[in-house]
Every structure is written in structure tokens, then in C-alpha cells.
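The file target11.txt contains compact mmCIF, C-alpha atoms:
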```txt
# COMPACT_ATOMS: atom_id res chain seq x y z
CA MET A 12 0.00 0.00 0.00
CA ASN A 13 2.77 2.43 0.94
CA GLN A 14 4.78 1.33 -2.08
CA THR A 15 2.12 2.72 -4.42
CA TRP A 16 1.78 5.92 -2.39
CA LEU A 17 5.53 6.48 -2.48
CA THR A 18 5.63 5.79 -6.22
CA VAL A 19 3.00 8.46 -6.91
CA LEU A 20 4.91 10.89 -4.69
CA ARG A 21 8.24 10.06 -6.32
CA ARG A 22 6.81 10.42 -9.81
CA ASP A 23 5.36 13.85 -9.12
CA LEU A 24 8.57 15.07 -7.46
CA LEU A 25 10.65 13.73 -10.34
CA LEU A 26 8.39 15.51 -12.84
CA ALA A 27 8.67 18.74 -10.85
CA LEU A 28 12.44 18.38 -10.81
CA ARG A 29 12.52 17.97 -14.59
CA ARG A 30 10.31 21.02 -15.01
CA ARG A 31 11.92 23.39 -12.57
CA SER A 32 10.31 26.44 -14.16
CA ASP A 33 7.02 25.50 -12.46
CA ILE A 34 8.59 25.65 -9.00
CA ALA A 35 10.43 28.85 -9.89
CA THR A 36 7.20 30.58 -11.01
CA THR A 37 5.54 29.98 -7.64
CA LEU A 38 8.55 31.16 -5.69
CA PHE A 39 9.25 34.24 -7.79
CA PHE A 40 5.60 35.20 -7.59
CA PHE A 41 5.71 35.01 -3.80
CA VAL A 42 8.98 36.96 -3.58
CA ILE A 43 7.95 39.66 -6.05
CA VAL A 44 4.42 40.23 -4.73
CA SER A 45 5.61 40.45 -1.14
CA SER A 46 8.49 42.73 -2.13
CA LEU A 47 6.24 45.15 -4.02
CA PHE A 48 4.38 46.22 -0.88
CA PRO A 49 7.34 47.82 0.95
CA LEU A 50 8.24 49.59 -2.32
CA GLY A 51 4.71 50.89 -2.78
CA ILE A 52 3.91 51.81 0.81
CA GLY A 53 7.24 53.29 1.84
CA PRO A 54 9.90 52.31 4.34
CA GLU A 55 8.02 53.21 7.53
CA PRO A 56 8.87 50.28 9.91
CA ALA A 57 5.76 50.69 12.07
CA VAL A 58 3.40 50.57 9.08
CA LEU A 59 5.29 47.71 7.43
CA SER A 60 5.41 45.49 10.48
CA SER A 61 1.69 45.98 11.07
CA ILE A 62 0.69 44.98 7.51
CA ALA A 63 3.31 42.22 7.23
CA PRO A 64 1.24 39.24 8.52
CA GLY A 65 -1.66 39.90 6.19
CA VAL A 66 0.46 40.70 3.15
CA LEU A 67 2.75 37.68 3.53
CA TRP A 68 -0.16 35.33 4.09
CA VAL A 69 -2.11 36.64 1.10
CA ALA A 70 1.02 36.39 -1.05
CA ALA A 71 1.59 32.78 0.07
CA LEU A 72 -2.04 31.97 -0.63
CA LEU A 73 -1.97 33.41 -4.15
CA ALA A 74 1.39 31.80 -4.92
CA GLY A 75 -0.04 28.40 -4.01
CA MET A 76 -2.98 29.03 -6.35
CA ILE A 77 -0.88 29.56 -9.46
CA SER A 78 0.07 25.93 -9.88
CA LEU A 79 -3.27 24.48 -8.78
CA SER A 80 -4.92 24.23 -12.17
CA ARG A 81 -1.98 22.08 -13.31
CA LEU A 82 -2.34 19.63 -10.44
CA PHE A 83 -4.49 17.10 -12.33
CA ALA A 84 -4.61 18.63 -15.83
CA ALA A 85 -1.51 16.85 -17.14
CA ASP A 86 -2.57 13.52 -15.62
CA SER A 87 -5.96 13.84 -17.23
CA ALA A 88 -4.53 14.75 -20.64
CA ASP A 89 -1.97 11.92 -20.83
CA GLY A 90 -4.19 9.18 -19.38
CA SER A 91 -2.30 8.58 -16.15
CA LEU A 92 -5.38 9.73 -14.24
CA GLU A 93 -7.37 6.82 -15.72
CA GLN A 94 -4.64 4.44 -14.67
CA MET A 95 -4.70 5.87 -11.14
CA LEU A 96 -8.47 5.39 -11.01
CA LEU A 97 -8.02 1.75 -11.99
CA ALA A 98 -5.25 1.12 -9.48
CA PRO A 99 -6.19 -1.37 -6.75
CA GLN A 100 -5.47 1.25 -4.07
CA PRO A 101 -8.21 3.71 -3.10
CA LEU A 102 -8.08 6.81 -5.26
CA ALA A 103 -8.23 9.14 -2.25
CA TRP A 104 -5.05 7.56 -0.93
CA LEU A 105 -3.17 8.11 -4.21
CA VAL A 106 -4.58 11.61 -4.46
CA SER A 107 -3.18 12.39 -1.01
CA ALA A 108 0.30 11.53 -2.35
CA LYS A 109 -0.20 13.97 -5.23
CA ILE A 110 -1.35 16.69 -2.83
CA PHE A 111 1.64 16.06 -0.59
CA ALA A 112 3.94 16.38 -3.62
CA HIS A 113 2.23 19.64 -4.54
CA TRP A 114 2.83 20.97 -1.02
CA LEU A 115 6.48 19.90 -1.06
CA VAL A 116 7.01 21.65 -4.38
CA CYS A 117 4.87 24.78 -3.93
CA GLY A 118 4.17 25.11 -0.20
CA LEU A 119 7.37 24.20 1.60
CA PRO A 120 9.67 26.57 -0.36
CA VAL A 121 7.31 29.44 0.52
CA VAL A 122 7.44 28.47 4.21
CA LEU A 123 11.24 28.46 4.12
CA LEU A 124 11.50 31.74 2.25
CA ALA A 125 8.91 33.63 4.31
CA PRO A 126 11.19 34.65 7.23
CA LEU A 127 13.66 36.21 4.79
CA ILE A 128 10.88 38.26 3.24
CA GLY A 129 9.62 39.04 6.77
CA LEU A 130 12.90 40.81 7.47
CA GLN A 131 12.04 43.36 4.78
CA TYR A 132 8.99 44.25 6.86
CA ALA A 133 10.94 44.92 10.05
CA MET A 134 9.09 42.09 11.81
CA PRO A 135 10.23 41.21 15.34
CA ASN A 136 12.10 37.92 15.76
CA ASP A 137 9.33 36.15 17.64
CA ALA A 138 6.79 37.07 15.01
CA LEU A 139 9.08 35.65 12.32
CA TRP A 140 9.06 32.28 14.07
CA VAL A 141 5.29 32.35 14.43
CA LEU A 142 5.08 33.21 10.73
CA VAL A 143 7.03 30.06 9.90
CA TYR A 144 4.91 27.91 12.24
CA SER A 145 1.65 29.32 10.94
CA LEU A 146 2.67 28.79 7.32
CA LEU A 147 3.87 25.27 8.14
CA LEU A 148 0.48 24.47 9.64
CA GLY A 149 -1.57 26.41 7.10
CA THR A 150 -0.01 25.82 3.67
CA PRO A 151 -0.93 22.09 3.62
CA THR A 152 -4.56 23.19 3.95
CA LEU A 153 -4.11 25.42 0.92
CA SER A 154 -2.90 22.45 -1.16
CA LEU A 155 -5.60 20.17 0.23
CA ILE A 156 -8.53 22.51 -0.38
CA GLY A 157 -6.99 23.65 -3.65
CA ALA A 158 -6.96 20.06 -4.89
CA ILE A 159 -10.75 19.88 -4.55
CA GLY A 160 -11.06 22.98 -6.72
CA ALA A 161 -8.55 21.64 -9.24
CA ALA A 162 -10.44 18.34 -9.51
CA LEU A 163 -13.83 20.04 -9.85
CA THR A 164 -12.65 22.29 -12.69
CA LEU A 165 -10.79 19.56 -14.56
CA GLY A 166 -11.54 19.76 -18.26
CA VAL A 167 -13.30 23.12 -17.96
CA ARG A 168 -12.10 25.91 -20.23
CA GLY A 169 -10.49 28.80 -18.38
CA SER A 170 -10.17 26.61 -15.32
CA GLY A 171 -7.40 28.77 -13.81
CA LEU A 172 -9.74 31.61 -12.95
CA LEU A 173 -12.56 29.30 -11.95
CA VAL A 174 -10.30 27.52 -9.45
CA ALA A 175 -9.54 30.89 -7.86
CA LEU A 176 -13.23 31.75 -7.56
CA LEU A 177 -14.05 28.36 -6.06
CA VAL A 178 -11.15 28.01 -3.72
CA LEU A 179 -10.35 31.50 -2.43
CA PRO A 180 -13.50 31.76 -0.26
CA LEU A 181 -12.59 28.42 1.31
CA TYR A 182 -9.14 29.77 2.15
CA ILE A 183 -10.62 32.50 4.39
CA PRO A 184 -10.45 30.61 7.74
CA THR A 185 -6.84 29.64 7.10
CA LEU A 186 -5.98 33.22 6.20
CA ILE A 187 -7.68 34.66 9.27
CA PHE A 188 -6.08 32.25 11.74
CA GLY A 189 -2.69 32.31 10.01
CA ALA A 190 -2.36 36.06 9.74
CA GLY A 191 -4.02 36.39 13.17
CA ALA A 192 -1.36 34.22 14.78
CA VAL A 193 1.46 36.36 13.37
CA ALA A 194 -0.29 39.62 14.29
CA ALA A 195 -0.96 38.41 17.83
CA SER A 196 2.67 37.51 18.28
CA ALA A 197 3.82 40.85 16.84
CA HIS A 198 1.68 42.60 19.45
CA GLY A 199 3.25 40.56 22.21
CA MET A 200 0.29 38.24 22.76
CA SER A 201 0.23 34.45 22.64
CA ALA A 202 -0.38 32.97 19.20
CA GLU A 203 -1.38 29.61 20.62
CA ALA A 204 -5.14 29.94 20.14
CA HIS A 205 -4.75 30.92 16.48
CA LEU A 206 -2.23 28.17 15.82
CA SER A 207 -4.51 25.57 17.43
CA LEU A 208 -7.40 26.62 15.25
CA LEU A 209 -5.12 26.59 12.20
CA ALA A 210 -4.05 23.04 13.05
CA ALA A 211 -7.70 22.05 13.49
CA VAL A 212 -8.57 23.36 10.02
CA SER A 213 -5.55 21.49 8.62
CA LEU A 214 -6.55 18.20 10.23
CA LEU A 215 -10.12 18.53 9.05
CA SER A 216 -9.07 19.19 5.47
CA LEU A 217 -6.48 16.41 5.67
CA VAL A 218 -9.28 13.94 6.34
CA LEU A 219 -11.94 15.33 4.02
CA ALA A 220 -10.11 16.90 1.07
CA PRO A 221 -8.63 13.70 -0.46
CA LEU A 222 -12.06 12.04 -0.33
CA ALA A 223 -13.78 15.03 -1.94
CA THR A 224 -11.02 15.33 -4.55
CA ALA A 225 -11.28 11.64 -5.43
CA ALA A 226 -15.04 11.91 -5.83
CA ALA A 227 -14.65 14.96 -8.10
CA LEU A 228 -12.02 13.15 -10.21
CA ARG A 229 -14.31 10.17 -10.69
CA ILE A 230 -17.02 12.46 -12.01
CA SER A 231 -14.58 14.24 -14.32
CA VAL A 232 -13.53 11.07 -16.18
CA GLU A 233 -17.11 9.99 -16.94
CA MET B 7 -15.51 -14.86 -15.69
CA LEU B 8 -16.90 -11.51 -16.80
CA ILE B 9 -20.62 -11.17 -17.40
CA ALA B 10 -22.40 -8.13 -18.77
CA GLN B 11 -26.19 -7.96 -18.69
CA GLY B 12 -28.54 -5.51 -20.36
CA LEU B 13 -26.03 -2.69 -20.67
CA ALA B 14 -27.20 0.63 -22.04
CA CYS B 15 -25.08 3.66 -22.76
CA VAL B 16 -26.22 7.23 -23.23
CA ARG B 17 -23.75 9.96 -24.18
CA GLY B 18 -25.21 13.44 -24.16
CA ASP B 19 -28.77 12.82 -25.33
CA ARG B 20 -27.89 10.02 -27.73
CA LEU B 21 -28.52 6.36 -27.00
CA LEU B 22 -25.44 4.48 -28.20
CA PHE B 23 -26.57 0.97 -27.38
CA LYS B 24 -28.97 -0.92 -25.13
CA ASP B 25 -29.66 -4.50 -24.03
CA LEU B 26 -26.07 -5.42 -24.61
CA GLY B 27 -24.82 -8.51 -22.90
CA PHE B 28 -22.15 -11.19 -23.13
CA VAL B 29 -20.32 -13.80 -21.12
CA LEU B 30 -16.55 -13.93 -21.29
CA GLU B 31 -14.88 -17.06 -19.97
CA ALA B 32 -11.28 -17.85 -19.24
CA GLY B 33 -9.25 -18.17 -22.43
CA SER B 34 -11.67 -16.33 -24.67
CA LEU B 35 -11.44 -13.19 -26.70
CA LEU B 36 -14.14 -10.56 -27.10
CA TYR B 37 -13.84 -8.62 -30.30
CA VAL B 38 -15.84 -5.39 -30.29
CA LEU B 39 -16.61 -4.11 -33.79
CA GLY B 40 -18.35 -0.97 -34.92
CA GLU B 41 -18.00 2.29 -36.79
CA ASN B 42 -16.42 5.39 -35.32
CA GLY B 43 -18.74 6.83 -32.73
CA SER B 44 -20.75 3.64 -32.23
CA GLY B 45 -19.77 3.44 -28.56
CA LYS B 46 -16.86 0.99 -28.59
CA SER B 47 -14.67 3.06 -26.32
CA SER B 48 -17.62 3.88 -24.06
CA LEU B 49 -18.36 0.18 -23.72
CA LEU B 50 -14.74 -0.55 -22.82
CA ARG B 51 -14.66 2.26 -20.25
CA MET B 52 -17.89 0.90 -18.84
CA LEU B 53 -16.37 -2.55 -18.49
CA CYS B 54 -13.51 -0.97 -16.53
CA GLY B 55 -15.89 0.82 -14.23
CA LEU B 56 -14.78 4.27 -15.40
CA LEU B 57 -18.23 4.92 -16.85
CA THR B 58 -21.46 4.02 -15.06
CA PRO B 59 -23.90 2.19 -17.34
CA GLU B 60 -27.30 3.82 -17.79
CA GLN B 61 -28.83 0.39 -17.29
CA GLY B 62 -27.62 -3.13 -16.65
CA GLU B 63 -24.78 -4.52 -14.64
CA ILE B 64 -21.34 -6.02 -15.00
CA LEU B 65 -20.29 -8.98 -12.88
CA TRP B 66 -16.79 -10.28 -12.21
CA ALA B 67 -16.72 -13.72 -10.56
CA GLY B 68 -20.41 -13.27 -9.81
CA LYS B 69 -19.98 -9.94 -8.01
CA SER B 70 -20.90 -6.51 -9.30
CA ILE B 71 -17.78 -4.56 -10.31
CA LYS B 72 -19.33 -1.35 -9.02
CA ASN B 73 -19.78 -2.59 -5.46
CA HIS B 74 -16.72 -4.82 -5.35
CA ALA B 75 -14.13 -2.69 -7.15
CA GLU B 76 -11.44 -3.88 -4.73
CA LEU B 77 -11.96 -7.46 -5.99
CA TYR B 78 -12.17 -6.49 -9.64
CA LEU B 79 -9.45 -3.90 -10.21
CA PRO B 80 -6.44 -6.10 -9.29
CA ASN B 81 -7.57 -8.44 -12.08
CA LEU B 82 -7.82 -5.76 -14.72
CA LYS B 83 -5.35 -4.22 -17.14
CA TYR B 84 -6.84 -1.42 -19.22
CA LEU B 85 -5.18 0.45 -22.04
CA GLY B 86 -7.27 3.20 -23.58
CA HIS B 87 -6.72 5.74 -26.32
CA LEU B 88 -4.37 7.60 -24.03
CA ASN B 89 -1.09 5.93 -23.28
CA GLY B 90 -0.83 7.03 -19.66
CA LEU B 91 2.82 7.98 -20.12
CA LYS B 92 4.56 11.00 -18.65
CA ASP B 93 6.44 12.98 -21.32
CA ASP B 94 9.28 13.98 -19.01
CA LEU B 95 10.01 10.48 -17.73
CA THR B 96 12.00 7.92 -19.68
CA ALA B 97 10.34 4.85 -21.19
CA LEU B 98 11.83 2.67 -18.47
CA GLU B 99 10.73 4.95 -15.63
CA ASN B 100 7.24 5.18 -17.09
CA LEU B 101 6.92 1.43 -17.33
CA GLN B 102 8.25 0.75 -13.84
CA MET B 103 6.23 3.45 -12.10
CA GLY B 104 3.10 2.56 -14.04
CA ALA B 105 3.41 -1.07 -12.90
CA ARG B 106 4.00 -0.01 -9.28
CA ILE B 107 0.94 2.21 -9.28
CA ALA B 108 -1.02 -0.76 -10.62
CA GLY B 109 0.18 -2.59 -7.52
CA GLN B 110 2.97 -4.66 -8.99
CA ASP B 111 6.63 -4.42 -8.10
CA VAL B 112 8.74 -4.54 -11.24
CA THR B 113 12.53 -4.56 -11.40
CA ALA B 114 14.43 -2.53 -13.98
CA THR B 115 15.57 -5.80 -15.59
CA ALA B 116 12.00 -7.03 -16.01
CA ALA B 117 10.90 -3.67 -17.40
CA LEU B 118 13.80 -3.69 -19.86
CA ALA B 119 12.90 -7.22 -20.93
CA ALA B 120 9.34 -6.06 -21.63
CA LEU B 121 10.63 -3.16 -23.74
CA THR B 122 12.92 -5.58 -25.60
CA ALA B 123 9.98 -7.91 -26.29
CA ILE B 124 8.10 -5.20 -28.15
CA GLY B 125 11.30 -4.00 -29.85
CA ILE B 126 11.77 -0.62 -28.24
CA ALA B 127 14.68 -1.35 -25.89
CA ARG B 128 16.97 1.16 -27.59
CA CYS B 129 14.66 3.98 -26.46
CA ALA B 130 14.54 2.77 -22.84
CA ASN B 131 16.42 5.73 -21.45
CA LEU B 132 14.98 8.44 -23.67
CA PRO B 133 12.27 10.74 -22.35
CA VAL B 134 8.95 9.68 -23.87
CA ARG B 135 8.55 13.28 -25.16
CA VAL B 136 11.00 12.62 -28.01
CA LEU B 137 9.44 9.33 -29.17
CA SER B 138 7.12 8.99 -32.16
CA GLN B 139 3.43 8.10 -31.81
CA GLY B 140 4.03 4.43 -32.61
CA GLN B 141 6.98 4.24 -30.24
CA LYS B 142 4.94 5.74 -27.40
CA ARG B 143 2.21 3.20 -28.07
CA ARG B 144 4.79 0.42 -27.87
CA VAL B 145 6.04 1.70 -24.50
CA ALA B 146 2.48 1.67 -23.18
CA LEU B 147 1.88 -1.81 -24.61
CA ALA B 148 5.09 -3.14 -23.04
CA ALA B 149 3.12 -3.16 -19.78
CA LEU B 150 1.28 -6.22 -21.15
CA TRP B 151 4.48 -8.22 -20.86
CA LEU B 152 4.62 -7.36 -17.16
CA SER B 153 0.93 -7.65 -16.36
CA ARG B 154 -0.28 -10.59 -14.31
CA SER B 155 -3.93 -9.53 -14.54
CA PRO B 156 -6.22 -12.12 -16.11
CA LEU B 157 -8.46 -9.59 -17.87
CA TRP B 158 -7.06 -7.23 -20.47
CA ILE B 159 -9.23 -4.50 -21.92
CA LEU B 160 -7.49 -2.88 -24.87
CA ASP B 161 -8.86 0.01 -26.90
CA GLU B 162 -7.39 -0.05 -30.41
CA PRO B 163 -4.11 -1.63 -29.30
CA PHE B 164 -2.94 -2.02 -32.89
CA ALA B 165 -3.42 1.59 -33.94
CA ALA B 166 -0.13 3.32 -34.88
CA LEU B 167 1.82 0.04 -34.76
CA ASP B 168 3.88 -1.24 -37.68
CA VAL B 169 3.47 -4.75 -39.13
CA ALA B 170 6.23 -6.33 -37.04
CA ALA B 171 4.94 -4.87 -33.76
CA THR B 172 1.38 -5.90 -34.65
CA GLU B 173 2.51 -9.51 -35.03
CA VAL B 174 4.44 -9.46 -31.77
CA LEU B 175 1.46 -8.01 -29.91
CA ALA B 176 -0.99 -10.48 -31.49
CA ALA B 177 1.33 -13.30 -30.39
CA ARG B 178 1.45 -11.90 -26.85
CA ILE B 179 -2.35 -11.71 -26.67
CA SER B 180 -2.63 -15.28 -27.98
CA GLU B 181 -0.16 -16.41 -25.33
CA HIS B 182 -2.18 -14.62 -22.63
CA LEU B 183 -5.38 -16.31 -23.83
CA ALA B 184 -3.69 -19.72 -23.99
CA ALA B 185 -2.67 -19.27 -20.35
CA GLY B 186 -6.32 -18.84 -19.39
CA GLY B 187 -6.50 -15.06 -19.62
CA MET B 188 -9.29 -13.01 -21.15
CA THR B 189 -9.02 -10.14 -23.60
CA ILE B 190 -11.50 -7.58 -24.82
CA LEU B 191 -10.34 -5.45 -27.69
CA THR B 192 -11.44 -3.13 -30.45
CA SER B 193 -9.60 -2.91 -33.73
CA HIS B 194 -10.22 -1.74 -37.26
CA GLN B 195 -7.77 -4.15 -38.79
CA ASP B 196 -7.93 -7.92 -39.02
CA VAL B 197 -5.42 -9.37 -36.61
CA PRO B 198 -4.67 -13.07 -36.31
CA ILE B 199 -5.13 -13.88 -32.62
CA GLN B 200 -5.39 -17.52 -31.54
CA ALA B 201 -8.14 -18.05 -28.99
CA LYS B 202 -10.07 -20.98 -27.61
CA SER B 203 -13.24 -19.10 -28.38
CA THR B 204 -13.83 -15.73 -29.95
CA VAL B 205 -16.97 -13.71 -29.33
CA THR B 206 -17.71 -10.89 -31.73
CA LEU B 207 -19.87 -8.02 -30.68
CA SER B 208 -21.06 -5.57 -33.33
CA LEU B 209 -22.22 -2.14 -32.35
CA SER B 210 -24.20 -0.20 -34.93
CA ALA B 211 -24.09 3.56 -34.95
```
Will you turn the file into C-alpha cells for me?
Amino acid sequence: MNQTWLTVLRRDLLLALRRRSDIATTLFFFVIVSSLFPLGIGPEPAVLSSIAPGVLWVAALLAGMISLSRLFAADSADGSLEQMLLAPQPLAWLVSAKIFAHWLVCGLPVVLLAPLIGLQYAMPNDALWVLVYSLLLGTPTLSLIGAIGAALTLGVRGSGLLVALLVLPLYIPTLIFGAGAVAASAHGMSAEAHLSLLAAVSLLSLVLAPLATAAALRISVE
Amino acid sequence: MLIAQGLACVRGDRLLFKDLGFVLEAGSLLYVLGENGSGKSSLLRMLCGLLTPEQGEILWAGKSIKNHAELYLPNLKYLGHLNGLKDDLTALENLQMGARIAGQDVTATAALAALTAIGIARCANLPVRVLSQGQKRRVALAALWLSRSPLWILDEPFAALDVAATEVLAARISEHLAAGGMTILTSHQDVPIQAKSTVTLSLSA
């Protein structure tokens, strides 16, 4: 069972490695969007550090969206989706490997880069750590919920925009708790409550999103 | 044994076929004939469980394939119009990973032997992106040399193949049938496949 899961994961990572431009697009988008704000708003440290949590979280959220429409599109076009549907393992299980690969390729680099960008915003040290924690807890949710949107819009023309319309409203809780955690910490309060809620949202989507995605994929191949 | 009873297929608002049924026993070949658009591919997808029939049911070993997919799928090898190959992976990687996802551990040596059997071994380490249509088809078909599934469902397996590859593939299918396997296929060309019994199913458009 794990053998199949690991194979799906390895295949997606290998494909990402051979098409590095896809990873680079996500990262550059995150870096550029989050660097534009200090340039546009001006170098006032007080202003910057107060907008930082929201701006960095929104940038991370949008960066994760860019690659979503490609999550299942290639598999559907070349027939490997059919083969995954006919695999003896449950589809939701294989889908979870694909989502994990998507997070490793598009989510994790953003988490690692975020503290560097945070420095541009004159964020206090503690808040930088909370930013990393909150992104680490929250970005998997973005991939998980995003996968549902990607599966639902599979084969639809102009699916990129449609995914955004479907998925962005569902990202709101993650955004509120994620940015809230960083803001709380920047104001010297405990971020624990926000982080707990963020983890709860993550766990819930971890259980439900692969099932919903698998169901949407089944409908899309009919 | 695969049994189909009273199958009906509707695509859009068009009825493609109804009351279609057959029994496929070990060692026999089901040959699905019909014009373009008569529902051959839809029937094959239905038999895989990818498409839900409008009416009727499909039984594998006496159990419905819809409710007992976990019993049915390990016995099935399906090859559709799409090859299921990743352009950026090499032929060998595609074959090995494809087999693993289908739940079968395949060594590089076994995968290479399969590619040799269908005469494409020299492309084993090339990315599939650079291969021709016929070569890609051969890479996808090489999976049949690795498959241990008793039921093969093949949609136009001979399309894009040259004469030599067609013969090799026909021989492989005959061998599979002789060993007690079952094959369902569509084809527009006459291919000499040896089978204990051949059932022909004609779909009219």
C-alpha cells in the first residue's frame, strides 16, 4: 500500500524536478508580490510590520494558487489519471500523495523563504518564528482545499480563474487564523489559540479533502 | 468470468446501445466491432468501471464490479486511447512506475525485458517526449508483458503500430489467452489472434 503511495509521490517530485520552471514561477511570484508592498507603501517600519502578517499570508495563498490548475490537468490529458483510477489502491489515498507532492514543491519553499521576506517588513524575531509555524500548519490546507477545486474544474475551459473563484473563499479561515497568529505575536500576545485553530482546520481538510477530490475526479472522467 | 447484462449507454442525449450482454470465460477473446462513434470506447470504459452504465450490470466472478471494485481492479489491465505515459520520464521509468501504481513491483531488468519484447529497448532511457506516436504506443503496450492480470481491456491496441509490432502483440495476446486469460479489444484491422473461443460483438451507430 505504501509502495504505491511512495511511487505516486516520487513520480510527481521527479516531474517537478525535470520542469523546474514551475517551482520557480511559484517562488518568484511570492517573492515579487511580497516585495512590491514595501516599495509601494514606503519604508516606515511601524506601518510595514503591522501589515506584514496579512500581506505575507495573502502572497503565500496566491502563490499556491498559481500551480493548482496544473495539479491534475496533465494527468488527465496523458491518461495517467485513468490508470490511477483503476489502481487497486483507493483513489483518495493516491490523491493524497499527489497533494503532498504539490505541497512539497509549492508550499514548503514558501514556508522556508517567508522569514527572509519578513525581514524586509521589520518584523520582530518572535513574530518571524510564528510566521514560519503558521505557514507550516496552514499551507498544507491550501494544497488540500486547492486540490478539490482543481479536480472540480478539470476539463473546464479557463479553469485557472474558476479555481480561484471556487477556492479563495474556502481559504478564508486559514488566512484569518494564520495572519491572526502572526499579528498576535507581533503585538506581544500568545499565538497559541490561532495556531490551534489553524491546526484544526488542517486536520479537518487532511481527512476530508482527499475524499472530496477523489469523488470529483471520478465524475470528471465519466 | 466476466458477465455483462442488459447494458445501455447514453452519451449526451444520444442512446449508443442498449440491451447489450455477453459472457466472457477464461481463455476467450471478445472482439468489439463498430464504426467510429458507435460506442466501442464507451463500452470498454464501462467494463472498466470508469463509466457508469445507464442500465444493466457487469459482474466479475459473480460480483458486481461497481460494489466490489477492490476485488475487480487487481484483475484488470486497461489500455485506452491515451497511453498514460509522462512525457518527461524515460520509457523505463514510465513502465516501472506505471506497474508499481497498478500494484505490482517490477525490477528494472524485467521492465527492460518487456521493452525488448516489443522491440523498443533502444529507447529505454529516452524521455517519452522525443518518441514517435508508434513508439509511445509500444512503450504503453510493453506493460502487457509485465501484467499478471487475467483480464485485459485494450482500446485499439494495434493503432499506430507497424506490421512487425502488430505480429508481436498479437502473439502476446494469444499467449495470454492460452494461459487462461481473457481479452477484450477493439480494432479496425484484421489481426490473427489464436483463442479458444472468440466472441464478436457488433455495435451499430
Nearest-residue call for chain A, choices B:Ala184, B:Leu207, B:Leu39, B:Val134, using all atoms listed in the file: B:Val134
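Of note, atom CA of B:Pro163 and atom CA of B:Ala123 are spaced 15.7 Å apart.
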Chain B contacts to chain A at 10 Å (all atoms listed in the file) as a count of residues only: 42
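Between atom CA of A:Leu119 and atom CA of A:Trp140 the interatomic distance comes to 15.0 Å.
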Around all of stretch 194-197 of chain B's listed atoms, make the axis-aligned box with 3 Å on each side and tell me centre and edge lengths in Å to one decimal, as JSON.
```
{"center_x": -7.8, "center_y": -5.6, "center_z": -37.8, "size_x": 10.8, "size_y": 13.6, "size_z": 8.4}
```
Nearest to B:Thr189, chosen from B:Gly33, B:Gly68, B:Gly27, B:Gly12, with only C-alpha atoms counted in the distances: B:Gly33
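For the set A:Leu50, A:Leu142, A:Ala108, A:Leu208, the residue with the smallest atom-to-atom gap to A:Leu124 is A:Leu142, counting only C-alpha atoms.
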Point-to-point distance in Å for atom CA of A:Ala225 and atom CA of A:Ala162: 7.9 Å
Neighbour residues at most 12 Å from (8.2, 28.9, -11.9) (only C-alpha atoms) as a PyMOL selection string: chain A and resi 27-28+30-42+74-75+77-78+116-117+120
Residue nearest A:Gly191 among A:Ala63, A:Ile52, A:Ala70, A:Ala57 (counting all atoms listed in the file): A:Ala63
Within 9 Å of A:Ser213 using all atoms listed in the file, minus same-chain residues under 5 positions, as a PyMOL selection string: chain A and resi 148-153+155+185+208+218
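Shortest separation to B:Ala146 among B:Ala114, B:Leu26, B:Ala67, B:Leu101 occurs at residue B:Leu101, atoms counted being only C-alpha atoms.
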12 Å contact set for A:Leu219, only C-alpha atoms, chain neighbours under 2 positions out, as a count of residues only: 21
